[in-house]
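What follows is the content of coords11.cif (mmCIF, C-alpha atoms and all ligand atoms).
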data_structure
#
loop_
_atom_site.label_atom_id
_atom_site.label_comp_id
_atom_site.auth_asym_id
_atom_site.auth_seq_id
_atom_site.Cartn_x
_atom_site.Cartn_y
_atom_site.Cartn_z
CA MET A 725 37.91 9.42 -4.70
CA SER A 726 36.50 6.74 -6.86
CA ARG A 727 33.20 8.50 -7.52
CA GLU A 728 34.12 9.13 -11.16
CA ARG A 729 35.19 5.52 -11.62
CA VAL A 730 31.88 4.31 -10.17
CA TYR A 731 30.05 6.61 -12.58
CA ALA A 732 32.08 5.37 -15.55
CA ILE A 733 31.25 1.74 -14.75
CA VAL A 734 27.52 2.44 -14.36
CA ASP A 735 27.47 4.49 -17.57
CA GLY A 736 29.37 1.70 -19.32
CA VAL A 737 26.79 -0.96 -18.45
CA PHE A 738 23.77 1.33 -18.58
CA THR A 739 22.37 0.06 -21.88
CA GLU A 740 22.48 -3.45 -20.50
CA LEU A 741 20.81 -2.32 -17.26
CA TRP A 742 18.03 -0.49 -19.04
CA THR A 743 17.37 -3.49 -21.30
CA VAL A 744 16.77 -5.54 -18.14
CA ALA A 745 14.57 -2.87 -16.49
CA ASP A 746 12.57 -2.49 -19.70
CA PHE A 747 12.13 -6.26 -20.05
CA ILE A 748 10.85 -6.57 -16.47
CA TRP A 749 8.52 -3.60 -17.01
CA HIS A 750 7.07 -5.25 -20.12
CA HIS A 751 6.71 -8.62 -18.39
CA PRO A 752 5.06 -7.75 -15.07
CA GLU A 753 4.91 -10.77 -12.76
CA ILE A 754 3.05 -10.64 -9.46
CA ALA A 755 4.29 -11.87 -6.07
CA HIS A 756 6.01 -15.28 -6.08
CA THR A 757 5.68 -15.70 -9.85
CA GLU A 758 8.64 -13.46 -10.79
CA HIS A 759 10.51 -16.22 -12.67
CA GLN A 760 11.44 -14.30 -15.82
CA SER A 761 12.32 -11.17 -13.84
CA MET A 762 14.57 -13.14 -11.51
CA ARG A 763 16.15 -14.89 -14.48
CA VAL A 764 17.20 -11.70 -16.28
CA LEU A 765 18.56 -10.13 -13.08
CA ALA A 766 20.48 -13.25 -12.05
CA GLU A 767 21.87 -13.82 -15.56
CA THR A 768 23.09 -10.23 -15.72
CA LEU A 769 24.91 -10.68 -12.41
CA GLU A 770 26.45 -13.95 -13.63
CA ARG A 771 27.71 -12.22 -16.77
CA HIS A 772 29.54 -9.85 -14.44
CA GLY A 773 31.16 -12.57 -12.37
CA PHE A 774 28.74 -13.00 -9.48
CA VAL A 775 28.08 -16.45 -8.05
CA VAL A 776 24.30 -16.75 -7.93
CA GLN A 777 22.21 -19.02 -5.72
CA ARG A 778 18.60 -19.23 -6.87
CA GLY A 779 15.62 -20.14 -4.71
CA VAL A 780 17.23 -19.09 -1.41
CA ALA A 781 15.40 -19.28 1.94
CA GLY A 782 12.74 -21.55 0.46
CA PHE A 783 11.39 -18.95 -1.97
CA PRO A 784 11.68 -20.11 -5.60
CA THR A 785 12.00 -16.55 -6.91
CA ALA A 786 14.50 -15.30 -4.32
CA PHE A 787 18.22 -15.24 -5.06
CA ARG A 788 21.55 -14.20 -3.61
CA ALA A 789 24.50 -13.19 -5.80
CA ASP A 790 27.96 -12.79 -4.26
CA ILE A 791 31.36 -11.46 -5.18
CA HIS A 792 33.59 -12.61 -2.39
CA VAL A 793 37.07 -11.13 -2.45
CA LYS A 794 38.22 -11.21 1.16
CA GLU A 795 37.36 -13.41 4.12
CA GLY A 796 36.28 -11.47 7.19
CA ALA A 797 36.01 -8.20 5.27
CA PRO A 798 32.81 -6.14 5.39
CA THR A 799 30.05 -7.01 2.93
CA VAL A 800 27.74 -4.53 1.22
CA ALA A 801 24.38 -5.82 -0.03
CA PHE A 802 22.07 -4.22 -2.56
CA LEU A 803 18.48 -5.41 -2.26
CA ALA A 804 16.50 -6.17 -5.40
CA GLU A 805 12.72 -6.31 -5.69
CA TYR A 806 10.94 -7.21 -8.91
CA ASP A 807 7.30 -8.14 -8.27
CA ALA A 808 4.53 -6.23 -10.02
CA LEU A 809 0.99 -5.38 -8.95
CA PRO A 810 -2.03 -7.26 -10.30
CA GLU A 811 -3.64 -5.64 -13.37
CA ILE A 812 -1.75 -2.35 -13.29
CA GLY A 813 1.77 -3.79 -13.74
CA HIS A 814 4.96 -2.12 -12.47
CA ALA A 815 3.14 0.78 -10.80
CA CYS A 816 5.54 0.57 -7.85
CA GLY A 817 8.59 0.69 -10.13
CA HIS A 818 10.11 -2.56 -8.90
CA ASN A 819 11.66 -2.99 -12.35
CA LEU A 820 13.93 -0.12 -11.27
CA ILE A 821 14.54 -1.47 -7.75
CA GLY A 822 15.79 -4.78 -9.11
CA THR A 823 17.92 -3.27 -11.82
CA ALA A 824 19.42 -0.51 -9.64
CA ALA A 825 20.57 -3.17 -7.17
CA VAL A 826 22.20 -5.08 -10.03
CA GLY A 827 23.79 -1.91 -11.43
CA ALA A 828 25.18 -0.85 -8.06
CA GLY A 829 26.35 -4.40 -7.41
CA VAL A 830 28.16 -4.68 -10.74
CA ALA A 831 29.87 -1.30 -10.25
CA LEU A 832 31.00 -1.93 -6.66
CA ALA A 833 32.09 -5.47 -7.49
CA ARG A 834 34.63 -4.15 -10.01
CA LEU A 835 36.18 -2.05 -7.26
CA ALA A 836 35.69 -4.55 -4.44
CA LYS A 837 39.28 -5.80 -4.28
CA GLU A 838 40.61 -2.32 -4.09
CA ALA A 839 37.99 -1.20 -1.57
CA GLY A 840 38.76 -4.27 0.52
CA GLY A 841 35.31 -5.77 0.89
CA ASN A 842 32.66 -8.06 -0.49
CA VAL A 843 29.52 -7.31 -2.47
CA CYS A 844 26.24 -9.07 -2.84
CA VAL A 845 22.87 -8.55 -4.47
CA ILE A 846 19.93 -10.14 -2.69
CA GLY A 847 16.82 -10.78 -4.74
CA CYS A 848 13.74 -10.31 -2.54
CA PRO A 849 10.46 -11.41 -4.15
CA ALA A 850 6.85 -10.60 -3.31
CA GLU A 851 7.30 -7.24 -1.59
CA GLU A 852 3.73 -6.20 -2.40
CA VAL A 853 1.81 -8.82 -0.43
CA PRO A 854 1.84 -10.18 3.12
CA PRO A 855 3.30 -12.21 4.68
CA PRO A 856 6.56 -10.26 4.57
CA VAL A 857 9.16 -12.24 2.64
CA LYS A 858 12.21 -10.27 3.79
CA VAL A 859 11.36 -11.12 7.41
CA ALA A 860 11.41 -14.84 6.55
CA MET A 861 14.52 -14.47 4.38
CA HIS A 862 16.28 -12.74 7.26
CA GLU A 863 15.21 -15.44 9.75
CA ARG A 864 16.43 -18.14 7.36
CA GLY A 865 19.87 -16.59 6.96
CA ALA A 866 19.64 -15.02 3.50
CA PHE A 867 21.26 -11.84 4.84
CA SER A 868 24.02 -13.62 6.73
CA GLY A 869 27.38 -11.87 6.71
CA VAL A 870 25.88 -8.63 5.43
CA ASP A 871 27.18 -5.45 7.10
CA LEU A 872 25.28 -2.83 5.12
CA ALA A 873 22.14 -2.99 2.97
CA MET A 874 20.79 -0.45 0.53
CA TYR A 875 18.01 -0.29 -1.96
CA LEU A 876 16.29 2.15 -4.24
CA HIS A 877 12.67 3.17 -4.57
CA GLY A 878 11.04 5.62 -6.96
CA SER A 879 9.40 8.66 -5.36
CA ASP A 880 8.13 12.18 -5.97
CA ARG A 881 11.42 13.49 -4.59
CA THR A 882 14.97 12.35 -3.91
CA THR A 883 15.41 11.56 -0.24
CA ALA A 884 16.90 9.06 2.19
CA GLY A 885 15.49 8.02 5.53
CA GLY A 886 11.89 8.62 6.34
CA ARG A 887 9.76 6.47 8.54
CA SER A 888 8.22 3.07 7.97
CA LEU A 889 5.73 1.74 10.49
CA ALA A 890 5.64 -1.58 12.26
CA LEU A 891 2.54 -3.48 11.22
CA ASP A 892 0.54 -6.55 12.11
CA THR A 893 -2.13 -7.83 9.73
CA LEU A 894 -5.00 -9.51 11.57
CA ASP A 895 -7.61 -11.71 9.93
CA MET A 896 -10.62 -12.12 12.22
CA ARG A 897 -13.12 -14.78 11.19
CA PHE A 898 -16.46 -14.95 13.00
CA ARG A 899 -18.73 -17.99 12.92
CA GLY A 900 -22.37 -17.88 14.03
CA LYS A 901 -25.49 -19.81 13.13
CA ALA A 902 -27.63 -19.25 10.03
CA SER A 903 -31.40 -18.92 10.17
CA HIS A 904 -34.13 -17.12 8.27
CA ALA A 905 -33.66 -13.42 9.04
CA ALA A 906 -37.45 -12.79 9.08
CA ALA A 907 -39.09 -16.12 9.88
CA GLY A 908 -36.69 -17.29 12.60
CA PRO A 909 -34.05 -14.72 13.60
CA GLU A 910 -34.13 -15.91 17.23
CA ARG A 911 -32.69 -19.22 16.09
CA GLY A 912 -29.71 -17.52 14.42
CA ARG A 913 -26.50 -16.02 15.77
CA SER A 914 -25.10 -13.37 13.47
CA ALA A 915 -21.41 -13.47 12.60
CA LEU A 916 -21.87 -10.06 10.99
CA ASP A 917 -23.14 -8.60 14.28
CA ALA A 918 -19.93 -9.83 15.87
CA ALA A 919 -17.84 -8.21 13.14
CA VAL A 920 -19.68 -4.89 13.45
CA LEU A 921 -19.41 -4.93 17.25
CA CYS A 922 -15.71 -5.69 16.94
CA MET A 923 -15.31 -2.66 14.66
CA HIS A 924 -17.09 -0.48 17.22
CA ALA A 925 -14.87 -1.76 20.00
CA ILE A 926 -11.78 -0.96 17.94
CA GLU A 927 -13.10 2.56 17.33
CA LEU A 928 -13.43 3.04 21.11
CA LEU A 929 -9.97 1.55 21.67
CA ARG A 930 -8.48 4.27 19.47
CA GLU A 931 -8.83 6.85 22.25
CA HIS A 932 -6.52 4.87 24.49
CA VAL A 933 -3.62 3.95 22.24
CA PRO A 934 -0.60 6.11 21.31
CA SER A 935 -1.82 8.84 18.99
CA ASP A 936 0.62 7.95 16.20
CA MET A 937 -0.88 4.52 15.67
CA ARG A 938 -2.85 3.70 12.55
CA ILE A 939 -5.57 1.06 12.86
CA HIS A 940 -7.65 0.47 9.76
CA GLY A 941 -9.60 -2.40 8.33
CA ILE A 942 -12.34 -3.67 6.08
CA ILE A 943 -15.11 -6.25 6.14
CA THR A 944 -13.79 -8.96 3.84
CA ASN A 945 -16.95 -11.03 4.21
CA GLY A 946 -20.20 -9.47 5.39
CA GLY A 947 -22.60 -12.34 5.06
CA GLN A 948 -24.17 -14.37 2.35
CA ALA A 949 -27.66 -12.93 1.70
CA PRO A 950 -29.77 -10.26 3.44
CA ASN A 951 -32.54 -12.71 4.28
CA VAL A 952 -30.12 -15.11 6.00
CA VAL A 953 -28.61 -14.43 9.42
CA PRO A 954 -24.94 -14.54 8.45
CA GLU A 955 -23.20 -17.63 9.70
CA PHE A 956 -19.82 -16.31 8.58
CA ALA A 957 -18.24 -12.86 8.51
CA ALA A 958 -14.63 -11.73 8.39
CA LEU A 959 -12.52 -8.65 8.95
CA ARG A 960 -8.98 -7.81 7.93
CA TYR A 961 -7.35 -5.14 10.09
CA LEU A 962 -3.95 -3.52 9.81
CA VAL A 963 -2.50 -2.36 13.11
CA ARG A 964 0.44 -0.01 12.62
CA GLY A 965 2.63 1.89 15.03
CA PRO A 966 5.96 3.70 15.25
CA THR A 967 7.86 0.70 16.62
CA ARG A 968 7.51 -3.05 16.85
CA ALA A 969 7.26 -2.78 20.66
CA VAL A 970 4.29 -0.38 20.46
CA VAL A 971 2.43 -2.61 18.00
CA ASP A 972 3.17 -5.69 20.12
CA ALA A 973 1.53 -3.94 23.07
CA VAL A 974 -1.63 -2.89 21.21
CA VAL A 975 -2.36 -6.01 19.12
CA PRO A 976 -3.55 -8.11 22.11
CA ARG A 977 -6.05 -5.34 22.91
CA VAL A 978 -7.39 -5.41 19.34
CA ILE A 979 -7.70 -9.17 19.62
CA ARG A 980 -9.71 -8.75 22.83
CA CYS A 981 -12.14 -6.48 20.92
CA ALA A 982 -12.83 -9.42 18.61
CA GLN A 983 -13.13 -11.89 21.47
CA ALA A 984 -15.49 -9.58 23.36
CA ALA A 985 -17.65 -9.15 20.25
CA ALA A 986 -17.86 -12.90 19.82
CA LEU A 987 -18.80 -13.34 23.47
CA ALA A 988 -21.54 -10.72 23.25
CA THR A 989 -23.07 -12.19 20.09
CA ASP A 990 -22.77 -15.85 21.04
CA THR A 991 -20.50 -16.55 18.10
CA GLU A 992 -16.99 -17.91 17.70
CA VAL A 993 -13.95 -16.04 16.49
CA GLU A 994 -10.69 -17.26 15.04
CA ILE A 995 -7.84 -14.78 14.72
CA GLU A 996 -4.82 -15.14 12.48
CA ASN A 997 -1.84 -12.81 12.52
CA VAL A 998 -1.00 -12.92 8.82
CA GLY A 999 2.26 -11.02 8.91
CA LYS A 1000 4.45 -8.96 11.18
CA TYR A 1001 6.38 -6.05 9.73
CA TRP A 1002 9.01 -4.18 11.70
CA ASP A 1003 9.45 -0.42 11.64
CA LYS A 1004 12.49 0.86 9.80
CA LEU A 1005 15.46 2.00 11.85
CA ASN A 1006 17.35 4.91 10.38
CA VAL A 1007 21.09 5.49 10.49
CA PRO A 1008 21.56 9.24 10.02
CA ALA A 1009 25.21 9.10 8.88
CA LEU A 1010 24.32 6.52 6.26
CA ASN A 1011 21.28 8.42 5.02
CA ALA A 1012 23.30 11.62 4.79
CA ALA A 1013 26.06 9.92 2.80
CA LEU A 1014 23.60 8.28 0.44
CA LEU A 1015 21.77 11.54 -0.17
CA GLU A 1016 25.03 13.38 -0.73
CA GLU A 1017 26.01 10.76 -3.30
CA ALA A 1018 22.60 10.95 -4.97
CA ALA A 1019 22.92 14.73 -5.33
CA ALA A 1020 26.46 14.35 -6.68
CA ALA A 1021 25.27 11.76 -9.21
CA GLY A 1022 22.66 14.19 -10.53
CA ALA A 1023 19.44 13.07 -8.81
CA LEU A 1024 16.73 15.70 -9.01
CA ASP A 1025 14.66 17.40 -6.30
CA VAL A 1026 16.76 16.41 -3.28
CA ARG A 1027 14.95 17.17 0.00
CA GLU A 1028 13.54 15.96 3.29
CA PRO A 1029 11.44 12.78 3.50
CA PRO A 1030 7.64 13.22 3.64
CA GLU A 1031 5.82 13.22 6.98
CA GLY A 1032 3.49 10.30 6.35
CA ALA A 1033 4.57 6.70 6.44
CA ALA A 1034 3.38 3.25 5.45
CA SER A 1035 5.13 -0.05 6.10
CA ASN A 1036 7.75 -2.11 4.33
CA ASP A 1037 9.03 -5.62 4.81
CA VAL A 1038 12.63 -4.39 5.03
CA GLY A 1039 12.00 -3.29 8.64
CA ALA A 1040 13.14 -6.54 10.22
CA VAL A 1041 16.39 -6.33 8.26
CA THR A 1042 17.05 -2.80 9.57
CA TYR A 1043 17.08 -4.13 13.14
CA ALA A 1044 19.87 -6.55 12.20
CA VAL A 1045 21.88 -4.64 9.60
CA PRO A 1046 22.39 -0.89 8.97
CA THR A 1047 20.03 -0.32 6.04
CA ALA A 1048 19.09 2.66 3.92
CA THR A 1049 16.46 3.30 1.29
CA LEU A 1050 17.31 5.77 -1.42
CA ASN A 1051 14.16 7.31 -2.79
CA VAL A 1052 14.87 8.77 -6.20
CA LYS A 1053 12.78 11.36 -8.00
CA LEU A 1054 10.62 9.56 -10.54
CA VAL A 1055 7.25 11.34 -10.64
CA PRO A 1056 5.95 14.90 -10.16
CA ASP A 1057 5.34 16.16 -6.62
CA GLY A 1058 2.39 14.45 -4.93
CA VAL A 1059 2.04 11.55 -7.38
CA SER A 1060 1.89 8.36 -5.36
CA ALA A 1061 3.09 4.86 -6.11
CA HIS A 1062 0.60 2.27 -7.36
CA SER A 1063 -0.79 4.74 -9.92
CA VAL A 1064 -0.78 4.66 -13.71
CA GLU A 1065 1.39 7.76 -13.77
CA PHE A 1066 3.98 6.08 -11.54
CA ARG A 1067 3.98 3.00 -13.74
CA ASP A 1068 4.48 4.95 -16.94
CA ALA A 1069 7.35 6.92 -15.38
CA ALA A 1070 9.04 3.69 -14.27
CA GLY A 1071 9.01 2.40 -17.84
CA GLY A 1072 10.10 5.65 -19.49
CA GLU A 1073 12.71 8.38 -19.40
CA PRO A 1074 12.19 9.33 -15.71
CA GLY A 1075 12.85 5.67 -14.90
CA GLN A 1076 16.11 5.73 -16.86
CA LYS A 1077 17.26 8.75 -14.87
CA ALA A 1078 16.27 7.25 -11.52
CA LEU A 1079 18.06 4.02 -12.40
CA ARG A 1080 21.26 5.75 -13.48
CA PHE A 1081 21.46 8.17 -10.53
CA GLY A 1082 20.35 5.56 -8.02
CA ALA A 1083 22.83 2.88 -9.09
CA LYS A 1084 25.66 5.42 -9.00
CA ALA A 1085 24.71 6.78 -5.58
CA MET A 1086 24.34 3.36 -3.96
CA ALA A 1087 27.61 2.04 -5.44
CA ALA A 1088 29.50 5.16 -4.33
CA THR A 1089 28.08 4.88 -0.81
CA GLY A 1090 29.01 1.19 -0.77
CA TRP A 1091 32.57 2.12 -1.76
CA ARG A 1092 32.73 4.59 1.11
CA PHE A 1093 31.54 1.98 3.59
CA LEU A 1094 34.14 -0.56 2.44
CA ALA A 1095 37.07 1.82 2.04
CA ASP A 1096 36.56 4.34 4.86
CA GLU A 1097 36.85 2.73 8.25
CA ALA A 1098 35.86 5.84 10.21
CA PHE A 1099 32.61 6.12 8.21
CA ARG A 1100 31.95 2.41 8.67
CA GLU A 1101 32.38 2.64 12.43
CA ARG A 1102 30.13 5.68 12.63
CA VAL A 1103 27.39 3.86 10.72
CA ARG A 1104 27.76 0.84 12.98
CA GLY A 1105 27.67 2.96 16.13
CA GLU A 1106 24.56 4.87 15.09
CA HIS A 1107 22.87 1.62 14.12
CA ARG A 1108 23.59 0.05 17.52
CA ALA A 1109 22.15 3.14 19.22
CA ALA A 1110 19.00 3.04 17.07
CA VAL A 1111 18.42 -0.63 17.92
CA ALA A 1112 18.87 0.06 21.62
CA ARG A 1113 16.43 2.98 21.49
CA ALA A 1114 13.79 0.95 19.64
CA ARG A 1115 14.05 -1.91 22.13
CA SER A 1116 13.99 0.25 25.25
ZN ZN B 1 4.35 -0.95 -3.80
#
Represent the supplied structure as structure tokens.
Ligand SMILES: [Zn+2]
Amino acid sequence: MSRERVYAIVDGVFTELWTVADFIWHHPEIAHTEHQSMRVLAETLERHGFVVQRGVAGFPTAFRADIHVKEGAPTVAFLAEYDALPEIGHACGHNLIGTAAVGAGVALARLAKEAGGNVCVIGCPAEEVPPPVKVAMHERGAFSGVDLAMYLHGSDRTTAGGRSLALDTLDMRFRGKASHAAAGPERGRSALDAAVLCMHAIELLREHVPSDMRIHGIITNGGQAPNVVPEFAALRYLVRGPTRAVVDAVVPRVIRCAQAAALATDTEVEIENVGKYWDKLNVPALNAALLEEAAAAGALDVREPPEGAASNDVGAVTYAVPTATLNVKLVPDGVSAHSVEFRDAAGGEPGQKALRFGAKAMAATGWRFLADEAFRERVRGEHRAAVARARS
């Protein structure tokens, strides 16, 4: 087994990897502005022999780095993310996601010839904001030829799998007619009334949708002044469900809540679907292998995924390519991402551990996929079954 050789390569380049992770952590760049972060990741890959294309799929801060050793052979991709959050910085630990993908890529690339396959690292910007970039990258061919995708995320435990919900983001903009709210309310038509009525209708709709849906929203514009009948009001709602098909069935009903509210209040509504996220399809054999490798590499607190779920833009990719997320222990139990504690862990010693264990586990799983045909076929078979189930 080449596990020890994978470990030796990751350990050998670890100082270089941590320098990159530390640089990105100290230079947090928000969605679509990740120029320095992309530069250090891409340059590291080039130093290790990858051919890097920058600005792929029409996104200036996206990249794809390839080591192509054999035509027609399977290709393993490691997905990098590197955008930060506004104000708080790398509180989602994307400095580790980007660098772990590079580390795993560099390690597997050295063994690629022997394993009989190709390796790539795909740089995916702007994970934190809609619209979902990976969906567009997938549609524009950035994942072409990829047979397996993996990426790392920090977590309060080490786990693989877990759910990720399909999601539509709806912006609903209501337009009415302004008037003096005391002197001439009968001349006005309140856009805020429409928004409030729409929220009520959505609350009533809840009873009649699958119970595992999550529908939640805010008033993004509630009017201009209390003595003016609001001529404009807006809502942003997130409609989430277990599968893309379930969300597709419910979204038109949410839209009708907005249309009904506009009709009742004599206002107009304009609805924009800002971004569609797919649920994440799991491949049990792949998750099990990845978790086994993570435990072997030394990852801490290995256990089952948590019950709750949010959404991630990798979902669309999982419908096309067997994909696994390795969550690696980074923070104490119950500490969530997007917190100061998470950020500090991602820039400190827990981040170093997560990076080292995660890069080793992903590279070793990649080796197994390339070198072990029976494993590869099992992963492919389970993936086909998961796609068929989700579409049925
Ligand atoms: Zn995040």
Might you pull out every residue within 8 Å of segment 940-944 of chain A, with all atoms listed in the file counted and same-chain residues fewer than 3 positions away left off, and present them as a PDB file with C-alpha atoms, keeping the file's coordinate frame?
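Output file part.pdb follows:
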ATOM      1  CA  ALA A 919     -17.840  -8.210  13.140  1.00  0.00           C
ATOM      2  CA  ALA A 957     -18.240 -12.860   8.510  1.00  0.00           C
ATOM      3  CA  ALA A 958     -14.630 -11.730   8.390  1.00  0.00           C
ATOM      4  CA  LEU A 959     -12.520  -8.650   8.950  1.00  0.00           C
ATOM      5  CA  ARG A 960      -8.980  -7.810   7.930  1.00  0.00           C
ATOM      6  CA  TYR A 961      -7.350  -5.140  10.090  1.00  0.00           C
ATOM      7  CA  LEU A 962      -3.950  -3.520   9.810  1.00  0.00           C
ATOM      8  CA  VAL A 963      -2.500  -2.360  13.110  1.00  0.00           C
TER       9      VAL A 963
END
Point out the residue among A:Ala825, A:Ala839, A:Val953, A:Ile812 with the least atom-to-atom distance to ligand ZN 1 (chain B), counting all atoms listed in the file.
A:Ile812
May I have the residues within 8 Å of Gly1071 of chain A as an mmCIF file with C-alpha atoms, in the coordinates of the input, using only C-alpha atoms and disregarding those fewer than 4 positions away in the same chain?
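Just written: result_13.cif:
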data_model
loop_
_atom_site.group_PDB
_atom_site.id
_atom_site.type_symbol
_atom_site.label_atom_id
_atom_site.label_comp_id
_atom_site.auth_asym_id
_atom_site.auth_seq_id
_atom_site.Cartn_x
_atom_site.Cartn_y
_atom_site.Cartn_z
ATOM 1 C CA ALA A 745 14.570 -2.870 -16.490
ATOM 2 C CA ASP A 746 12.570 -2.490 -19.700
ATOM 3 C CA TRP A 749 8.520 -3.600 -17.010
ATOM 4 C CA GLY A 817 8.590 0.690 -10.130
ATOM 5 C CA ARG A 1067 3.980 3.000 -13.740
ATOM 6 C CA GLY A 1075 12.850 5.670 -14.900
ATOM 7 C CA GLN A 1076 16.110 5.730 -16.860
#
Quote the spacing between atom CA of Cys981 of chain A and atom CA of Val920 of chain A in Å to one decimal place.
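Interatomic distance, atom CA of Cys981 of chain A to atom CA of Val920 of chain A: 10.7 Å.
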Pick out the residues no farther than 12 Å from ligand ZN 1 (chain B), counting only C-alpha atoms and all ligand atoms, and list them as a PDB file with C-alpha atoms, in the frame of the given file.
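Saved the output as pocket-v5.pdb:
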ATOM      1  CA  ILE A 754       3.050 -10.640  -9.460  1.00  0.00           C
ATOM      2  CA  ALA A 755       4.290 -11.870  -6.070  1.00  0.00           C
ATOM      3  CA  GLU A 805      12.720  -6.310  -5.690  1.00  0.00           C
ATOM      4  CA  TYR A 806      10.940  -7.210  -8.910  1.00  0.00           C
ATOM      5  CA  ASP A 807       7.300  -8.140  -8.270  1.00  0.00           C
ATOM      6  CA  ALA A 808       4.530  -6.230 -10.020  1.00  0.00           C
ATOM      7  CA  LEU A 809       0.990  -5.380  -8.950  1.00  0.00           C
ATOM      8  CA  PRO A 810      -2.030  -7.260 -10.300  1.00  0.00           C
ATOM      9  CA  ILE A 812      -1.750  -2.350 -13.290  1.00  0.00           C
ATOM     10  CA  GLY A 813       1.770  -3.790 -13.740  1.00  0.00           C
ATOM     11  CA  HIS A 814       4.960  -2.120 -12.470  1.00  0.00           C
ATOM     12  CA  ALA A 815       3.140   0.780 -10.800  1.00  0.00           C
ATOM     13  CA  CYS A 816       5.540   0.570  -7.850  1.00  0.00           C
ATOM     14  CA  GLY A 817       8.590   0.690 -10.130  1.00  0.00           C
ATOM     15  CA  HIS A 818      10.110  -2.560  -8.900  1.00  0.00           C
ATOM     16  CA  ASN A 819      11.660  -2.990 -12.350  1.00  0.00           C
ATOM     17  CA  ILE A 821      14.540  -1.470  -7.750  1.00  0.00           C
ATOM     18  CA  ALA A 850       6.850 -10.600  -3.310  1.00  0.00           C
ATOM     19  CA  GLU A 851       7.300  -7.240  -1.590  1.00  0.00           C
ATOM     20  CA  GLU A 852       3.730  -6.200  -2.400  1.00  0.00           C
ATOM     21  CA  VAL A 853       1.810  -8.820  -0.430  1.00  0.00           C
ATOM     22  CA  PRO A 854       1.840 -10.180   3.120  1.00  0.00           C
ATOM     23  CA  HIS A 877      12.670   3.170  -4.570  1.00  0.00           C
ATOM     24  CA  GLY A 878      11.040   5.620  -6.960  1.00  0.00           C
ATOM     25  CA  SER A 879       9.400   8.660  -5.360  1.00  0.00           C
ATOM     26  CA  ALA A1034       3.380   3.250   5.450  1.00  0.00           C
ATOM     27  CA  SER A1035       5.130  -0.050   6.100  1.00  0.00           C
ATOM     28  CA  ASN A1036       7.750  -2.110   4.330  1.00  0.00           C
ATOM     29  CA  ASP A1037       9.030  -5.620   4.810  1.00  0.00           C
ATOM     30  CA  SER A1060       1.890   8.360  -5.360  1.00  0.00           C
ATOM     31  CA  ALA A1061       3.090   4.860  -6.110  1.00  0.00           C
ATOM     32  CA  HIS A1062       0.600   2.270  -7.360  1.00  0.00           C
ATOM     33  CA  SER A1063      -0.790   4.740  -9.920  1.00  0.00           C
ATOM     34  CA  PHE A1066       3.980   6.080 -11.540  1.00  0.00           C
ATOM     35  CA  ARG A1067       3.980   3.000 -13.740  1.00  0.00           C
TER      36      ARG A1067
END
Report as a list in words all protein, DNA and RNA residues lying within 6 Å of Val845 of chain A, evaluated on all atoms listed in the file, omitting residues in the same chain fewer than 4 positions from it.
Arg788, Ala789, Ala801, Phe802 and Leu803 of chain A
What's the separation between atom CA of Asn1011 of chain A and atom CA of Glu728 of chain A, in Å to one decimal place?
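A separation of 20.7 Å between them.
Atom CA of Phe787 of chain A sits 4.7 Å away from atom CA of Gly847 of chain A.
If all atoms listed in the file are the atoms counted, then among A:Asp972, A:Ala890, A:Ala1112, A:Gly1058 the closest residue to Ala1033 of chain A is A:Ala890.
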Might you pull out every residue within 8 Å of Ala797 of chain A, with all atoms listed in the file counted and same-chain residues fewer than 6 positions away left off, and present them as a PyMOL selection string?
chain A and resi 840-842
As a short mmCIF file (atom, residue, chain, number, x, y, z; two decimals) with C-alpha atoms, keeping the file's coordinate frame, please: the residues near segment 906-915 of chain A (cut-off 8 Å, only C-alpha atoms, same-chain neighbours under 6 positions excluded).
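Below you can see around37.cif, which holds the result:
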data_model
loop_
_atom_site.label_atom_id
_atom_site.label_comp_id
_atom_site.auth_asym_id
_atom_site.auth_seq_id
_atom_site.Cartn_x
_atom_site.Cartn_y
_atom_site.Cartn_z
CA PHE A 898 -16.46 -14.95 13.00
CA ARG A 899 -18.73 -17.99 12.92
CA GLY A 900 -22.37 -17.88 14.03
CA GLY A 947 -22.60 -12.34 5.06
CA ASN A 951 -32.54 -12.71 4.28
CA VAL A 953 -28.61 -14.43 9.42
CA PRO A 954 -24.94 -14.54 8.45
CA GLU A 955 -23.20 -17.63 9.70
CA PHE A 956 -19.82 -16.31 8.58
CA ALA A 957 -18.24 -12.86 8.51
CA THR A 989 -23.07 -12.19 20.09
CA ASP A 990 -22.77 -15.85 21.04
CA THR A 991 -20.50 -16.55 18.10
#
Find the residue from A:Gly827, A:Pro752, A:Gly1039, A:Pro855 that sits nearest to Thr739 of chain A; use only C-alpha atoms when measuring.
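So, comparing all the options, the nearest one is A:Gly827.
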Which one of A:Ala1083, A:Leu891, A:Glu758, A:Ala1088 sits closest to Arg729 of chain A if you count all atoms listed in the file?
A:Ala1088
Please determine, counting only C-alpha atoms, which residue among A:Ser935, A:Ser726, A:Ser868, A:Gln760 has the shortest atom-to-atom distance to Val1041 of chain A.
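Comparing A:Ser935, A:Ser726, A:Ser868, A:Gln760 against Val1041 of chain A, the winner is A:Ser868.
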So, with all atoms listed in the file as the atoms that count, which of A:Thr883, A:Gly1032, A:Asp1057, A:Ala1109 lies closest to Ala1012 of chain A?
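Counting all atoms listed in the file, the residue closest to Ala1012 of chain A is A:Thr883.
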